[in-house]
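The structure file protein-v7.pdb is reproduced below (PDB, C-alpha atoms, pLDDT in the B column).
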```pdb
ATOM      1  CA  MET A 364      31.772  58.365  -1.004  1.00 50.00           C
ATOM      2  CA  THR A 365      31.989  60.113   2.392  1.00 50.00           C
ATOM      3  CA  LEU A 366      32.322  56.805   4.227  1.00 45.00           C
ATOM      4  CA  ARG A 367      35.160  55.808   1.933  1.00 48.00           C
ATOM      5  CA  ARG A 368      37.030  59.052   2.747  1.00 48.00           C
ATOM      6  CA  CYS A 369      36.509  58.542   6.480  1.00 44.00           C
ATOM      7  CA  TRP A 370      37.792  54.981   6.217  1.00 45.00           C
ATOM      8  CA  LYS A 371      40.943  56.125   4.426  1.00 46.00           C
ATOM      9  CA  LEU A 372      41.473  58.900   6.966  1.00 45.00           C
ATOM     10  CA  SER A 373      41.088  56.480   9.880  1.00 48.00           C
ATOM     11  CA  ARG A 374      43.996  54.440   8.502  1.00 51.00           C
ATOM     12  CA  VAL A 375      46.260  57.438   7.881  1.00 44.00           C
ATOM     13  CA  VAL A 376      45.722  59.572  10.997  1.00 45.00           C
ATOM     14  CA  PRO A 377      47.142  57.070  13.535  1.00 47.00           C
ATOM     15  CA  ARG A 378      50.272  56.622  11.418  1.00 46.00           C
ATOM     16  CA  LEU A 379      50.709  60.383  11.178  1.00 42.00           C
ATOM     17  CA  LEU A 380      50.149  60.935  14.881  1.00 44.00           C
ATOM     18  CA  TRP A 381      52.700  58.371  15.997  1.00 47.00           C
ATOM     19  CA  ASN A 382      55.298  59.254  13.364  1.00 46.00           C
ATOM     20  CA  PRO A 383      58.134  61.080  15.179  1.00 47.00           C
ATOM     21  CA  ALA A 384      58.880  63.194  12.108  1.00 46.00           C
ATOM     22  CA  VAL A 385      55.328  64.577  12.103  1.00 43.00           C
ATOM     23  CA  PHE A 386      54.622  64.603  15.830  1.00 43.00           C
ATOM     24  CA  PRO A 387      57.856  64.272  17.851  1.00 46.00           C
ATOM     25  CA  ALA A 388      56.348  64.160  21.357  1.00 45.00           C
ATOM     26  CA  ALA A 389      54.287  61.065  20.599  1.00 45.00           C
ATOM     27  CA  SER A 390      57.148  58.627  20.083  1.00 40.00           C
ATOM     28  CA  VAL A 391      59.285  58.691  23.189  1.00 41.00           C
ATOM     29  CA  PRO A 392      61.161  55.400  23.526  1.00 43.00           C
ATOM     30  CA  GLU A 393      61.376  53.707  26.941  1.00 43.00           C
ATOM     31  CA  GLN A 394      59.091  56.257  28.604  1.00 43.00           C
ATOM     32  CA  ARG A 395      55.452  56.168  29.550  1.00 45.00           C
ATOM     33  CA  HIS A 396      53.201  58.458  27.572  1.00 45.00           C
ATOM     34  CA  SER A 397      51.509  61.132  29.620  1.00 42.00           C
ATOM     35  CA  LEU A 398      49.264  64.034  28.846  1.00 40.00           C
ATOM     36  CA  SER A 399      51.914  66.468  30.087  1.00 40.00           C
ATOM     37  CA  ALA A 400      54.124  65.447  27.144  1.00 44.00           C
ATOM     38  CA  PHE A 401      51.558  66.979  24.804  1.00 44.00           C
ATOM     39  CA  ALA A 402      51.303  70.440  26.382  1.00 47.00           C
ATOM     40  CA  ASN A 403      52.466  72.204  23.204  1.00 50.00           C
ATOM     41  CA  THR A 404      50.398  70.037  20.888  1.00 48.00           C
ATOM     42  CA  PRO A 405      47.820  71.739  18.644  1.00 48.00           C
ATOM     43  CA  SER A 406      44.290  71.247  19.981  1.00 47.00           C
ATOM     44  CA  CYS A 407      43.134  69.271  16.932  1.00 40.00           C
ATOM     45  CA  TYR A 408      45.817  66.646  17.640  1.00 42.00           C
ATOM     46  CA  LYS A 409      44.970  66.633  21.354  1.00 40.00           C
ATOM     47  CA  ARG A 410      41.356  65.734  20.624  1.00 42.00           C
ATOM     48  CA  LEU A 411      42.395  62.864  18.355  1.00 40.00           C
ATOM     49  CA  LEU A 412      44.947  61.577  20.867  1.00 42.00           C
ATOM     50  CA  LEU A 413      42.514  61.720  23.768  1.00 43.00           C
ATOM     51  CA  ARG A 414      39.959  59.809  21.723  1.00 40.00           C
ATOM     52  CA  SER A 415      42.496  57.124  20.870  1.00 43.00           C
ATOM     53  CA  TRP A 416      43.546  56.836  24.531  1.00 47.00           C
ATOM     54  CA  SER A 417      39.990  56.478  25.730  1.00 46.00           C
ATOM     55  CA  SER A 418      39.491  53.647  23.246  1.00 48.00           C
ATOM     56  CA  GLY A 419      42.383  51.697  24.767  1.00 48.00           C
ATOM     57  CA  ALA A 420      45.147  52.727  22.358  1.00 47.00           C
ATOM     58  CA  PRO A 421      48.057  53.208  22.460  1.00 43.00           C
ATOM     59  CA  SER A 422      49.235  50.206  24.415  1.00 47.00           C
ATOM     60  CA  ILE A 423      51.700  51.180  27.118  1.00 89.00           C
ATOM     61  CA  GLU A 424      54.570  48.718  27.187  1.00 93.00           C
ATOM     62  CA  VAL A 425      57.640  48.301  29.365  1.00 93.00           C
ATOM     63  CA  SER A 426      60.929  46.917  28.051  1.00 94.00           C
ATOM     64  CA  TYR A 427      62.952  44.274  29.882  1.00 95.00           C
ATOM     65  CA  ASP A 428      65.601  46.839  30.884  1.00 94.00           C
ATOM     66  CA  ARG A 429      62.995  49.284  32.182  1.00 93.00           C
ATOM     67  CA  LEU A 430      61.259  46.510  34.140  1.00 93.00           C
ATOM     68  CA  LYS A 431      64.589  45.570  35.757  1.00 93.00           C
ATOM     69  CA  GLN A 432      65.080  49.223  36.767  1.00 92.00           C
ATOM     70  CA  LEU A 433      61.577  49.444  38.233  1.00 91.00           C
ATOM     71  CA  LEU A 434      62.064  46.238  40.217  1.00 90.00           C
ATOM     72  CA  ALA A 435      65.502  47.273  41.495  1.00 90.00           C
ATOM     73  CA  GLY A 436      64.222  50.662  42.616  1.00 88.00           C
ATOM     74  CA  ARG A 437      60.976  49.231  43.988  1.00 84.00           C
ATOM     75  CA  LYS A 438      59.212  51.969  42.038  1.00 81.00           C
ATOM     76  CA  SER A 439      56.496  49.747  40.667  1.00 89.00           C
ATOM     77  CA  VAL A 440      54.142  46.934  41.570  1.00 94.00           C
ATOM     78  CA  VAL A 441      54.585  44.027  39.156  1.00 95.00           C
ATOM     79  CA  ILE A 442      51.496  41.825  38.958  1.00 96.00           C
ATOM     80  CA  ASP A 443      51.788  38.444  37.229  1.00 97.00           C
ATOM     81  CA  VAL A 444      48.350  37.469  35.966  1.00 97.00           C
ATOM     82  CA  ARG A 445      49.108  33.799  35.229  1.00 97.00           C
ATOM     83  CA  GLU A 446      47.507  30.961  37.173  1.00 97.00           C
ATOM     84  CA  PRO A 447      49.389  29.772  40.293  1.00 96.00           C
ATOM     85  CA  TRP A 448      50.216  26.406  38.700  1.00 96.00           C
ATOM     86  CA  GLU A 449      51.972  28.243  35.835  1.00 95.00           C
ATOM     87  CA  LEU A 450      54.229  30.036  38.301  1.00 95.00           C
ATOM     88  CA  ARG A 451      55.043  26.766  40.071  1.00 95.00           C
ATOM     89  CA  GLU A 452      55.756  24.969  36.796  1.00 95.00           C
ATOM     90  CA  TYR A 453      57.629  27.647  34.840  1.00 93.00           C
ATOM     91  CA  GLY A 454      58.815  30.236  37.374  1.00 94.00           C
ATOM     92  CA  PHE A 455      58.095  33.895  38.029  1.00 94.00           C
ATOM     93  CA  ILE A 456      59.681  37.320  37.884  1.00 94.00           C
ATOM     94  CA  PRO A 457      61.295  37.969  41.289  1.00 93.00           C
ATOM     95  CA  GLY A 458      59.366  40.588  43.226  1.00 92.00           C
ATOM     96  CA  SER A 459      56.112  40.088  41.327  1.00 94.00           C
ATOM     97  CA  VAL A 460      52.713  39.497  42.934  1.00 95.00           C
ATOM     98  CA  ASN A 461      50.483  36.737  41.566  1.00 97.00           C
ATOM     99  CA  VAL A 462      46.897  37.819  40.869  1.00 97.00           C
ATOM    100  CA  PRO A 463      45.333  35.501  38.252  1.00 97.00           C
ATOM    101  CA  LEU A 464      43.667  37.337  35.365  1.00 97.00           C
ATOM    102  CA  GLY A 465      40.192  36.144  36.350  1.00 96.00           C
ATOM    103  CA  GLN A 466      40.648  37.777  39.767  1.00 97.00           C
ATOM    104  CA  VAL A 467      42.229  41.107  38.723  1.00 97.00           C
ATOM    105  CA  SER A 468      39.023  43.137  38.701  1.00 96.00           C
ATOM    106  CA  ALA A 469      37.818  41.871  42.063  1.00 97.00           C
ATOM    107  CA  ALA A 470      41.316  42.017  43.600  1.00 96.00           C
ATOM    108  CA  LEU A 471      41.848  45.675  42.687  1.00 96.00           C
ATOM    109  CA  GLN A 472      38.541  46.486  44.378  1.00 96.00           C
ATOM    110  CA  LEU A 473      39.379  44.728  47.668  1.00 96.00           C
ATOM    111  CA  GLY A 474      40.272  46.552  50.829  1.00 96.00           C
ATOM    112  CA  PRO A 475      43.980  46.775  51.733  1.00 95.00           C
ATOM    113  CA  GLU A 476      43.718  44.146  54.498  1.00 96.00           C
ATOM    114  CA  GLU A 477      41.860  41.665  52.299  1.00 97.00           C
ATOM    115  CA  PHE A 478      44.304  42.139  49.424  1.00 96.00           C
ATOM    116  CA  ARG A 479      47.313  41.642  51.724  1.00 96.00           C
ATOM    117  CA  GLU A 480      45.749  38.522  53.244  1.00 96.00           C
ATOM    118  CA  LYS A 481      44.831  36.957  49.901  1.00 96.00           C
ATOM    119  CA  TYR A 482      47.853  37.928  47.766  1.00 96.00           C
ATOM    120  CA  GLY A 483      50.606  38.562  50.328  1.00 94.00           C
ATOM    121  CA  ALA A 484      51.347  42.092  49.149  1.00 94.00           C
ATOM    122  CA  GLU A 485      50.156  45.664  49.539  1.00 94.00           C
ATOM    123  CA  LEU A 486      47.148  46.756  47.485  1.00 95.00           C
ATOM    124  CA  PRO A 487      48.354  49.150  44.769  1.00 94.00           C
ATOM    125  CA  GLN A 488      46.873  52.635  44.992  1.00 92.00           C
ATOM    126  CA  GLN A 489      45.212  54.122  41.912  1.00 90.00           C
ATOM    127  CA  THR A 490      48.195  56.458  41.501  1.00 91.00           C
ATOM    128  CA  ASP A 491      50.872  53.737  41.869  1.00 92.00           C
ATOM    129  CA  ASN A 492      52.790  52.487  38.860  1.00 93.00           C
ATOM    130  CA  ILE A 493      51.595  48.956  38.072  1.00 95.00           C
ATOM    131  CA  VAL A 494      53.190  46.664  35.491  1.00 96.00           C
ATOM    132  CA  PHE A 495      51.241  43.584  34.451  1.00 97.00           C
ATOM    133  CA  SER A 496      52.995  40.458  33.211  1.00 96.00           C
ATOM    134  CA  CYS A 497      51.940  37.005  32.028  1.00 95.00           C
ATOM    135  CA  LEU A 498      53.456  34.239  29.895  1.00 94.00           C
ATOM    136  CA  ALA A 499      53.726  35.992  26.533  1.00 90.00           C
ATOM    137  CA  GLY A 500      52.113  39.426  26.925  1.00 88.00           C
ATOM    138  CA  ILE A 501      48.513  38.722  25.934  1.00 91.00           C
ATOM    139  CA  ARG A 502      46.757  38.360  29.293  1.00 95.00           C
ATOM    140  CA  SER A 503      48.757  41.256  30.738  1.00 95.00           C
ATOM    141  CA  LYS A 504      47.247  43.581  28.141  1.00 93.00           C
ATOM    142  CA  THR A 505      43.757  42.494  29.226  1.00 94.00           C
ATOM    143  CA  ALA A 506      44.680  43.115  32.876  1.00 96.00           C
ATOM    144  CA  LEU A 507      45.956  46.575  31.941  1.00 95.00           C
ATOM    145  CA  GLU A 508      42.623  47.420  30.320  1.00 94.00           C
ATOM    146  CA  THR A 509      40.784  46.154  33.411  1.00 95.00           C
ATOM    147  CA  ALA A 510      42.893  48.336  35.717  1.00 95.00           C
ATOM    148  CA  VAL A 511      42.322  51.405  33.537  1.00 94.00           C
ATOM    149  CA  SER A 512      38.571  50.771  33.606  1.00 94.00           C
ATOM    150  CA  LEU A 513      38.776  50.738  37.424  1.00 94.00           C
ATOM    151  CA  GLY A 514      40.445  54.157  37.503  1.00 94.00           C
ATOM    152  CA  TYR A 515      44.122  53.209  37.763  1.00 94.00           C
ATOM    153  CA  LYS A 516      46.177  55.893  36.054  1.00 90.00           C
ATOM    154  CA  ASP A 517      49.780  54.688  35.770  1.00 92.00           C
ATOM    155  CA  VAL A 518      49.525  51.173  34.346  1.00 95.00           C
ATOM    156  CA  GLN A 519      51.735  49.347  31.887  1.00 95.00           C
ATOM    157  CA  HIS A 520      52.402  45.830  30.737  1.00 94.00           C
ATOM    158  CA  TYR A 521      55.509  43.822  29.935  1.00 95.00           C
ATOM    159  CA  PRO A 522      54.802  42.366  26.467  1.00 94.00           C
ATOM    160  CA  GLY A 523      57.646  39.835  26.684  1.00 92.00           C
ATOM    161  CA  GLY A 524      56.049  38.112  29.643  1.00 94.00           C
ATOM    162  CA  TRP A 525      57.756  35.232  31.414  1.00 94.00           C
ATOM    163  CA  GLN A 526      59.133  33.909  28.128  1.00 94.00           C
ATOM    164  CA  GLY A 527      60.815  37.222  27.321  1.00 94.00           C
ATOM    165  CA  TRP A 528      62.103  37.539  30.876  1.00 95.00           C
ATOM    166  CA  VAL A 529      63.784  34.112  30.767  1.00 94.00           C
ATOM    167  CA  GLU A 530      65.311  34.802  27.361  1.00 94.00           C
ATOM    168  CA  ASN A 531      66.709  38.165  28.486  1.00 94.00           C
ATOM    169  CA  GLU A 532      68.021  36.715  31.741  1.00 93.00           C
ATOM    170  CA  LYS A 533      69.950  34.053  29.769  1.00 92.00           C
ATOM    171  CA  ASN A 534      71.498  36.725  27.535  1.00 90.00           C
ATOM    172  CA  ASN A 535      72.519  39.020  30.391  1.00 81.00           C
TER     173      ASN A 535
END
```
Mind turning the file's structure into structure tokens?
Amino acid sequence: MTLRRCWKLSRVVPRLLWNPAVFPAASVPEQRHSLSAFANTPSCYKRLLLRSWSSGAPSIEVSYDRLKQLLAGRKSVVIDVREPWELREYGFIPGSVNVPLGQVSAALQLGPEEFREKYGAELPQQTDNIVFSCLAGIRSKTALETAVSLGYKDVQHYPGGWQGWVENEKNN
């Protein structure tokens, strides 16, 4: 009986927390979620939100328009986690750095000189904004989780990936 109640509650609480009518600060379109946005949140909600963040949720996504802004302002490091042959065959987002998914963990732990030599770009600091991208948004989510586990604080991913980028570029 108690397990059944907990199960039902586990399905309802996330929907309540991310419903803007119930909890307005949680659903902020086109912005990254941060703990400072929840300063006036009751402590019971804070505990639930912190637990959900530590378990990998919510996913932090960047829209096409926001990614264009970040690239134009050079305010972010965009890391494409596809294999090099995929970039040669299909193309890449201008300004992105290629670090294949299998190398993300090791690459983010390299020294600045080694990273620059191997990937041709500056090693992102743990406080830098990093946006991961791939073909369709699946591998980039894995890379995001890897970066968070290594202590990176301001990480996001572009769920549209290369396919979404190409489609948006055609329409704009």
In Å and to one decimal, atom CA of Gln432 of chain A is distant from atom CA of Tyr515 of chain A by 21.4 Å
| field | the PyMOL selection byres ((chain A and resi 501) around 12) applied to the shown file, residues as a PyMOL selection string | value | chain A and resi 422+424+443-445+464+495-500+502-508+520-526
Point-to-point distance from atom CA of Asp517 of chain A to atom CA of Pro487 of chain A, Å rounded to tenths:
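Rounded to one decimal, the two atoms are 10.7 Å apart.
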Next on the checklist: Taking 4 positions as the minimum chain separation for residues in the same chain, which residues sit within 10 Å of Lys431 of chain A when counting all atoms listed in the file? Answer as a list of chain:residue names.
Outcome noted: A:Val425, A:Ser426, A:Tyr427, A:Ala435, A:Gly436, A:Arg437, A:Ile456, A:Pro457, A:Trp528
- To one decimal place, how far is atom CA of Pro463 of chain A from atom CA of Leu486 of chain A in Å?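 For atom CA of Pro463 of chain A relative to atom CA of Leu486 of chain A, the distance reads 14.7 Å.
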Between A:Leu450, A:Ala470, A:Ile423, A:Ala510, smallest distance to Asp491 of chain A by all atoms listed in the file belongs to A:Ala510
